[in-house]
Number of protein chains: 2
Amino acid sequence: MDERDTQLRECAERLALTLAQSGMQRTTARVMTALLFSRQQTMTAADLCKELHISSGAVSGAVNQLIPTGMIERAPAPGSRRDHYRFREHAWATLMGNQNALLDSMWNAAAEGLKVAGRDSAVGRRLDEMQDFYGFMQREMAALIDKWREQYEAGER
Amino acid sequence: MDERDTQLRECAERLALTLAQSGMQRTTARVMTALLFSRQQTMTAADLCKELHISSGAVSGAVNQLIPTGMIERAPAPGSRRDHYRFREHAWATLMGNQNALLDSMWNAAAEGLKVAGRDSAVGRRLDEMQDFYGFMQREMAALIDKWREQYEAGER
DNA sequence: TCGAACGTTCAGAGATCTGTAAATGCTCTG
DNA sequence: CAGAGCATTTACAGATCTCTGAACGTTCGA
């Protein structure tokens, strides 16, 4: 374990902290960044316990939150009975794509309100703007993420 | 207080709940949505206490979190010594714009890691993708928000 | 079929967050 | 300039969240 590993660990912890501050579970964030900043290709649950000084139960919980979101995945590990985890390719794009669900519920909340209040009132105008904004964002964000994928794939070659 | 007000209150509470689940403070979210779904133009701190059944201290705290982010503002209220609050015009665009700070720290986290690990390694490639993605998003998001502002303002007339 | 090696679940301890009530501070009014 | 009427601050209590440790379940190899 050379100097570099220690520095990468610090980077990982710092990022985990800011992610935690913007709503992600603390341990979930730490597991994610550990995988992101690891010099290994994959890490086992035991590796994560050791690195982060947390119990296997905590690792299990975090991992099972991260997998459904598409941030990490189980890696096939022939000849090993342990689960190996790795950070997923394009995970960030996936993460941002998931935000669409939120944009959607924002749009819906506005719609609900408009059904009750109509457009011709103070509330009506506020909600109308809100609905317009989130409708716009939903459409454009999806397009934007696709655009990035294309240009990144093109740049790879 | 007719039927509509009750229904709007419910909408407000539902939205507050989903906002709370995505990281916003519970009370802060409730104050925000109360102002958003209010049929009045503005609400005083006392109004908010009564509506949400919370103490004036809690209102004060929430309000002082919302104002710096640009979601709400104090409204001039001639002849009244109470503070009047209102939901701000284009607040949603502002909110999304604030996310840029997050995008920025993501980009930075990647940059930090790359300084340590270089680009030619497993970590290097992961961080490179991350940096590319957040760089892209930062540029495009700002543009997107401007675009919405323009088209919305155009539609108004 | 047994047992070793893991992963998962769950009750409970501990830490953290959040709202209240009361004290404090500020600003107009009379 | 006194004091009424608010807003803000603070210590603390209560609620909530989160991790641990141990029990349990599962899989695989002998």
# chains A, B, ... in the order shown; residues from 1 in each chain; ligands from 1
call {"tool": "select_by_dssp", "arguments": {"residues": "segment 38-109 of chain A", "states": "strand (DSSP E or B)", "output": "list in words"}}
result
Met43, Thr44, Ile72, Glu73, Arg74, Ala75, His84, Tyr85, Arg86 and Phe87 of chain A
call {"tool": "select_by_dssp", "arguments": {"residues": "segment 68-109 of chain A", "states": "helix (DSSP H, G or I)", "output": "ChimeraX atom specification"}}
result
/A:68-69,91-109
call {"tool": "atom_distance", "arguments": {"atom1": "atom CA of Thr18 of chain A", "atom2": "atom CA of Arg30 of chain B"}}
result
23.9 Å
call {"tool": "atom_distance", "arguments": {"atom1": "atom C1' of DC2 of chain C", "atom2": "atom CA of Pro78 of chain A"}}
result
25.0 Å
call {"tool": "closest_atom_pairs", "arguments": {"of": "chain A", "to": "chain B", "cutoff": "6 Å", "atoms": "only C-alpha atoms", "output": "JSON lines"}}
result
{"residue": "A:Gly23", "atom": "CA", "partner": "B:Gly23", "partner_atom": "CA", "distance": 4.0}
{"residue": "A:Phe37", "atom": "CA", "partner": "B:Val123", "partner_atom": "CA", "distance": 6.0}
{"residue": "A:Arg39", "atom": "CA", "partner": "B:Val123", "partner_atom": "CA", "distance": 5.4}
{"residue": "A:Val123", "atom": "CA", "partner": "B:Arg39", "partner_atom": "CA", "distance": 5.4}
call {"tool": "write_last_selection", "arguments": {"atoms": "N, CA, C and O atoms", "output": "PDB file, in the first residue's frame"}}
result
ATOM      1  N   GLY A  23     -27.503  14.597   0.136  1.00  0.00           N
ATOM      2  CA  GLY A  23     -28.625  13.686   0.271  1.00  0.00           C
ATOM      3  C   GLY A  23     -28.332  12.194   0.219  1.00  0.00           C
ATOM      4  O   GLY A  23     -29.187  11.408   0.590  1.00  0.00           O
ATOM      5  N   PHE A  37     -12.498   5.064  -6.638  1.00  0.00           N
ATOM      6  CA  PHE A  37     -11.103   5.477  -6.515  1.00  0.00           C
ATOM      7  C   PHE A  37     -10.152   4.312  -6.261  1.00  0.00           C
ATOM      8  O   PHE A  37      -8.977   4.521  -5.981  1.00  0.00           O
ATOM      9  N   ARG A  39      -7.635   1.355  -6.978  1.00  0.00           N
ATOM     10  CA  ARG A  39      -6.737   1.020  -8.084  1.00  0.00           C
ATOM     11  C   ARG A  39      -6.968  -0.398  -8.576  1.00  0.00           C
ATOM     12  O   ARG A  39      -6.492  -0.781  -9.636  1.00  0.00           O
ATOM     13  N   VAL A 123     -51.523  31.334  -7.441  1.00  0.00           N
ATOM     14  CA  VAL A 123     -51.001  29.956  -7.421  1.00  0.00           C
ATOM     15  C   VAL A 123     -50.905  29.418  -8.823  1.00  0.00           C
ATOM     16  O   VAL A 123     -49.925  28.767  -9.177  1.00  0.00           O
TER      17      VAL A 123
END
call {"tool": "atom_distance", "arguments": {"atom1": "atom C1' of DA23 of chain D", "atom2": "atom CA of Ser55 of chain A"}}
result
15.1 Å
call {"tool": "interface_residues", "arguments": {"of": "chain B", "to": "chain D", "cutoff": "12 Å", "atoms": "only C-alpha atoms (C1' of nucleotides)", "output": "ChimeraX atom specification"}}
result
/B:26,44-46,56-61,63-64,80-84
call {"tool": "closest_atom_pairs", "arguments": {"of": "chain C", "to": "chain B", "cutoff": "8 Å", "atoms": "only C-alpha atoms (C1' of nucleotides)", "output": "CSV"}}
result
residue,atom,partner,partner_atom,distance
C:DG19,C1',B:Ala58,CA,6.3
C:DT20,C1',B:Ser55,CA,6.7
C:DC28,C1',B:Arg81,CA,7.9
call {"tool": "write_last_selection", "arguments": {"atoms": "all heavy atoms", "output": "CSV table (one decimal), in the first residue's frame"}}
result
chain,number,residue,atom,x,y,z
C,19,DG,P,-37.4,20.1,11.7
C,19,DG,OP1,-38.4,19.7,10.7
C,19,DG,OP2,-36.5,21.2,11.4
C,19,DG,O5',-38.2,20.5,13.1
C,19,DG,C5',-39.1,19.5,13.6
C,19,DG,C4',-39.4,19.9,15.0
C,19,DG,O4',-38.2,19.9,15.8
C,19,DG,C3',-40.0,21.3,15.2
C,19,DG,O3',-41.1,21.2,16.0
C,19,DG,C2',-38.9,22.1,15.8
C,19,DG,C1',-38.0,21.1,16.5
C,19,DG,N9,-36.6,21.4,16.6
C,19,DG,C8,-35.8,21.8,15.5
C,19,DG,N7,-34.5,21.9,15.9
C,19,DG,C5,-34.5,21.6,17.3
C,19,DG,C6,-33.5,21.6,18.2
C,19,DG,O6,-32.3,21.9,18.0
C,19,DG,N1,-33.9,21.3,19.5
C,19,DG,C2,-35.2,21.0,19.8
C,19,DG,N2,-35.5,20.7,21.1
C,19,DG,N3,-36.2,21.0,18.9
C,19,DG,C4,-35.8,21.3,17.7
C,20,DT,P,-42.0,22.5,16.4
C,20,DT,OP1,-43.4,22.2,16.2
C,20,DT,OP2,-41.4,23.7,15.6
C,20,DT,O5',-41.7,22.7,17.9
C,20,DT,C5',-41.6,21.6,18.7
C,20,DT,C4',-41.2,22.0,20.1
C,20,DT,O4',-39.8,22.2,20.2
C,20,DT,C3',-41.8,23.3,20.6
C,20,DT,O3',-42.4,23.0,21.9
C,20,DT,C2',-40.7,24.3,20.6
C,20,DT,C1',-39.5,23.4,20.8
C,20,DT,N1,-38.2,23.9,20.1
C,20,DT,C2,-37.1,24.0,20.8
C,20,DT,O2,-37.0,23.7,22.0
C,20,DT,N3,-36.0,24.4,20.1
C,20,DT,C4,-35.9,24.7,18.8
C,20,DT,O4,-34.9,25.1,18.3
C,20,DT,C5,-37.2,24.6,18.1
C,20,DT,C7,-37.2,24.9,16.6
C,20,DT,C6,-38.3,24.2,18.8
C,28,DC,P,-37.6,50.0,11.8
C,28,DC,OP1,-36.8,49.9,10.5
C,28,DC,OP2,-37.4,51.2,12.6
C,28,DC,O5',-39.1,49.8,11.5
C,28,DC,C5',-40.0,50.8,11.7
C,28,DC,C4',-40.9,50.5,12.8
C,28,DC,O4',-40.2,50.2,14.0
C,28,DC,C3',-41.7,51.8,13.1
C,28,DC,O3',-43.1,51.5,12.9
C,28,DC,C2',-41.4,52.1,14.6
C,28,DC,C1',-40.9,50.8,15.1
C,28,DC,N1,-39.9,51.0,16.2
C,28,DC,C2,-40.3,50.8,17.6
C,28,DC,O2,-41.5,50.5,17.8
C,28,DC,N3,-39.4,50.9,18.6
C,28,DC,C4,-38.1,51.2,18.3
C,28,DC,N4,-37.2,51.3,19.3
C,28,DC,C5,-37.7,51.4,16.9
C,28,DC,C6,-38.6,51.3,15.9
call {"tool": "residues_around", "arguments": {"residues": "Leu95 of chain A", "least_positions_apart": "6", "cutoff": "8 Å", "atoms": "only C-alpha atoms (C1' of nucleotides)", "output": "list in words"}}
result
Thr69, Gly70 and Met71 of chain A
call {"tool": "decode", "arguments": {"residues": "segment 5-25 of chain D", "atoms": "N, CA and C atoms (P, O5', C5', C4', C3', O3' and C1' of nucleotides)", "output": "mmCIF file, in the first residue's frame"}}
result
data_model
loop_
_atom_site.group_PDB
_atom_site.id
_atom_site.type_symbol
_atom_site.label_atom_id
_atom_site.label_comp_id
_atom_site.auth_asym_id
_atom_site.auth_seq_id
_atom_site.Cartn_x
_atom_site.Cartn_y
_atom_site.Cartn_z
ATOM 1 P P DG D 5 -48.619 44.389 21.316
ATOM 2 O "O5'" DG D 5 -47.591 44.024 20.158
ATOM 3 C "C5'" DG D 5 -47.427 44.913 19.056
ATOM 4 C "C4'" DG D 5 -46.405 44.308 18.128
ATOM 5 C "C3'" DG D 5 -46.628 42.810 17.881
ATOM 6 O "O3'" DG D 5 -46.453 42.563 16.495
ATOM 7 C "C1'" DG D 5 -44.430 43.190 18.645
ATOM 8 P P DC D 6 -47.267 41.292 15.842
ATOM 9 O "O5'" DC D 6 -46.130 40.567 15.026
ATOM 10 C "C5'" DC D 6 -44.976 40.220 15.741
ATOM 11 C "C4'" DC D 6 -43.765 40.520 14.921
ATOM 12 C "C3'" DC D 6 -43.094 39.237 14.468
ATOM 13 O "O3'" DC D 6 -42.703 39.282 13.111
ATOM 14 C "C1'" DC D 6 -41.681 40.483 15.975
ATOM 15 P P DA D 7 -42.203 37.898 12.463
ATOM 16 O "O5'" DA D 7 -40.645 37.958 12.763
ATOM 17 C "C5'" DA D 7 -39.833 38.908 12.084
ATOM 18 C "C4'" DA D 7 -38.387 38.709 12.498
ATOM 19 C "C3'" DA D 7 -37.810 37.335 12.154
ATOM 20 O "O3'" DA D 7 -36.519 37.522 11.605
ATOM 21 C "C1'" DA D 7 -37.633 37.729 14.489
ATOM 22 P P DT D 8 -35.650 36.261 11.161
ATOM 23 O "O5'" DT D 8 -34.779 35.976 12.461
ATOM 24 C "C5'" DT D 8 -33.952 37.013 12.989
ATOM 25 C "C4'" DT D 8 -33.166 36.496 14.184
ATOM 26 C "C3'" DT D 8 -32.432 35.170 13.959
ATOM 27 O "O3'" DT D 8 -31.073 35.422 14.296
ATOM 28 C "C1'" DT D 8 -33.684 35.108 15.974
ATOM 29 P P DT D 9 -29.985 34.304 14.016
ATOM 30 O "O5'" DT D 9 -29.722 33.707 15.465
ATOM 31 C "C5'" DT D 9 -29.353 34.585 16.523
ATOM 32 C "C4'" DT D 9 -29.445 33.856 17.850
ATOM 33 C "C3'" DT D 9 -28.675 32.530 17.889
ATOM 34 O "O3'" DT D 9 -27.699 32.662 18.899
ATOM 35 C "C1'" DT D 9 -30.867 32.296 18.805
ATOM 36 P P DT D 10 -26.579 31.576 19.111
ATOM 37 O "O5'" DT D 10 -27.126 30.635 20.262
ATOM 38 C "C5'" DT D 10 -27.698 31.220 21.439
ATOM 39 C "C4'" DT D 10 -28.228 30.112 22.328
ATOM 40 C "C3'" DT D 10 -27.525 28.778 22.135
ATOM 41 O "O3'" DT D 10 -26.971 28.366 23.367
ATOM 42 C "C1'" DT D 10 -29.900 28.514 22.017
ATOM 43 P P DA D 11 -26.074 27.093 23.581
ATOM 44 O "O5'" DA D 11 -26.812 26.284 24.733
ATOM 45 C "C5'" DA D 11 -27.588 26.984 25.733
ATOM 46 C "C4'" DA D 11 -28.592 26.029 26.359
ATOM 47 C "C3'" DA D 11 -28.072 24.617 26.608
ATOM 48 O "O3'" DA D 11 -28.676 24.137 27.812
ATOM 49 C "C1'" DA D 11 -29.852 24.520 25.045
ATOM 50 P P DC D 12 -28.398 22.683 28.348
ATOM 51 O "O5'" DC D 12 -29.671 21.887 27.830
ATOM 52 C "C5'" DC D 12 -30.980 22.349 28.184
ATOM 53 C "C4'" DC D 12 -32.011 21.510 27.460
ATOM 54 C "C3'" DC D 12 -31.806 19.988 27.577
ATOM 55 O "O3'" DC D 12 -33.057 19.430 27.904
ATOM 56 C "C1'" DC D 12 -32.099 20.591 25.336
ATOM 57 P P DA D 13 -33.180 18.046 28.636
ATOM 58 O "O5'" DA D 13 -34.505 17.444 27.999
ATOM 59 C "C5'" DA D 13 -35.598 18.311 27.668
ATOM 60 C "C4'" DA D 13 -36.371 17.721 26.510
ATOM 61 C "C3'" DA D 13 -36.539 16.206 26.564
ATOM 62 O "O3'" DA D 13 -37.860 15.884 26.170
ATOM 63 C "C1'" DA D 13 -35.441 16.804 24.554
ATOM 64 P P DG D 14 -38.401 14.427 26.365
ATOM 65 O "O5'" DG D 14 -38.898 14.073 24.901
ATOM 66 C "C5'" DG D 14 -39.390 15.100 24.039
ATOM 67 C "C4'" DG D 14 -39.214 14.662 22.608
ATOM 68 C "C3'" DG D 14 -39.442 13.169 22.391
ATOM 69 O "O3'" DG D 14 -40.413 13.048 21.369
ATOM 70 C "C1'" DG D 14 -37.361 13.844 21.429
ATOM 71 P P DA D 15 -40.917 11.598 20.925
ATOM 72 O "O5'" DA D 15 -40.310 11.538 19.461
ATOM 73 C "C5'" DA D 15 -40.446 12.669 18.596
ATOM 74 C "C4'" DA D 15 -39.584 12.469 17.379
ATOM 75 C "C3'" DA D 15 -39.735 11.093 16.728
ATOM 76 O "O3'" DA D 15 -39.956 11.292 15.340
ATOM 77 C "C1'" DA D 15 -37.438 11.554 17.163
ATOM 78 P P DT D 16 -40.187 10.047 14.390
ATOM 79 O "O5'" DT D 16 -38.770 9.952 13.655
ATOM 80 C "C5'" DT D 16 -38.076 11.144 13.318
ATOM 81 C "C4'" DT D 16 -36.718 10.775 12.761
ATOM 82 C "C3'" DT D 16 -36.719 9.480 11.943
ATOM 83 O "O3'" DT D 16 -36.186 9.785 10.667
ATOM 84 C "C1'" DT D 16 -34.963 9.483 13.555
ATOM 85 P P DC D 17 -36.134 8.615 9.542
ATOM 86 O "O5'" DC D 17 -34.556 8.394 9.481
ATOM 87 C "C5'" DC D 17 -33.718 9.522 9.677
ATOM 88 C "C4'" DC D 17 -32.287 9.061 9.877
ATOM 89 C "C3'" DC D 17 -31.857 7.914 8.981
ATOM 90 O "O3'" DC D 17 -30.584 8.255 8.478
ATOM 91 C "C1'" DC D 17 -31.436 7.369 11.239
ATOM 92 P P DT D 18 -29.842 7.370 7.394
ATOM 93 O "O5'" DT D 18 -28.849 6.507 8.275
ATOM 94 C "C5'" DT D 18 -28.050 7.168 9.246
ATOM 95 C "C4'" DT D 18 -27.046 6.192 9.819
ATOM 96 C "C3'" DT D 18 -26.680 5.033 8.902
ATOM 97 O "O3'" DT D 18 -25.322 4.759 9.136
ATOM 98 C "C1'" DT D 18 -27.566 4.184 10.877
ATOM 99 P P DC D 19 -24.450 3.899 8.161
ATOM 100 O "O5'" DC D 19 -23.668 2.935 9.150
ATOM 101 C "C5'" DC D 19 -22.916 3.511 10.219
ATOM 102 C "C4'" DC D 19 -22.835 2.500 11.340
ATOM 103 C "C3'" DC D 19 -22.235 1.168 10.924
ATOM 104 O "O3'" DC D 19 -21.060 0.944 11.687
ATOM 105 C "C1'" DC D 19 -24.292 0.865 12.135
ATOM 106 P P DT D 20 -20.217 -0.390 11.405
ATOM 107 O "O5'" DT D 20 -20.650 -1.282 12.640
ATOM 108 C "C5'" DT D 20 -20.671 -0.699 13.931
ATOM 109 C "C4'" DT D 20 -21.250 -1.676 14.936
ATOM 110 C "C3'" DT D 20 -20.644 -3.074 14.859
ATOM 111 O "O3'" DT D 20 -20.277 -3.456 16.180
ATOM 112 C "C1'" DT D 20 -23.017 -3.198 14.684
ATOM 113 P P DG D 21 -19.137 -4.590 16.361
ATOM 114 O "O5'" DG D 21 -19.991 -5.817 16.911
ATOM 115 C "C5'" DG D 21 -21.006 -5.574 17.887
ATOM 116 C "C4'" DG D 21 -21.899 -6.794 17.995
ATOM 117 C "C3'" DG D 21 -21.173 -8.130 17.791
ATOM 118 O "O3'" DG D 21 -21.709 -9.046 18.744
ATOM 119 C "C1'" DG D 21 -22.917 -7.932 16.197
ATOM 120 P P DA D 22 -21.061 -10.490 18.878
ATOM 121 O "O5'" DA D 22 -22.369 -11.405 18.826
ATOM 122 C "C5'" DA D 22 -23.629 -10.861 19.235
ATOM 123 C "C4'" DA D 22 -24.737 -11.621 18.538
ATOM 124 C "C3'" DA D 22 -24.400 -13.093 18.285
ATOM 125 O "O3'" DA D 22 -25.563 -13.864 18.527
ATOM 126 C "C1'" DA D 22 -24.945 -12.068 16.246
ATOM 127 P P DA D 23 -25.532 -15.453 18.562
ATOM 128 O "O5'" DA D 23 -26.842 -15.840 17.740
ATOM 129 C "C5'" DA D 23 -28.009 -15.036 17.872
ATOM 130 C "C4'" DA D 23 -28.843 -15.162 16.620
ATOM 131 C "C3'" DA D 23 -28.991 -16.601 16.124
ATOM 132 O "O3'" DA D 23 -30.339 -16.815 15.738
ATOM 133 C "C1'" DA D 23 -28.108 -15.254 14.394
ATOM 134 P P DC D 24 -30.834 -18.268 15.291
ATOM 135 O "O5'" DC D 24 -30.915 -18.120 13.721
ATOM 136 C "C5'" DC D 24 -31.635 -17.017 13.159
ATOM 137 C "C4'" DC D 24 -31.377 -16.983 11.666
ATOM 138 C "C3'" DC D 24 -31.485 -18.353 10.990
ATOM 139 O "O3'" DC D 24 -32.542 -18.303 10.043
ATOM 140 C "C1'" DC D 24 -29.563 -17.143 10.248
ATOM 141 P P DG D 25 -32.895 -19.653 9.210
ATOM 142 O "O5'" DG D 25 -32.234 -19.291 7.813
ATOM 143 C "C5'" DG D 25 -32.514 -18.035 7.196
ATOM 144 C "C4'" DG D 25 -31.808 -17.973 5.863
ATOM 145 C "C3'" DG D 25 -31.933 -19.251 5.032
ATOM 146 O "O3'" DG D 25 -32.194 -18.862 3.700
ATOM 147 C "C1'" DG D 25 -29.632 -18.739 5.391
#
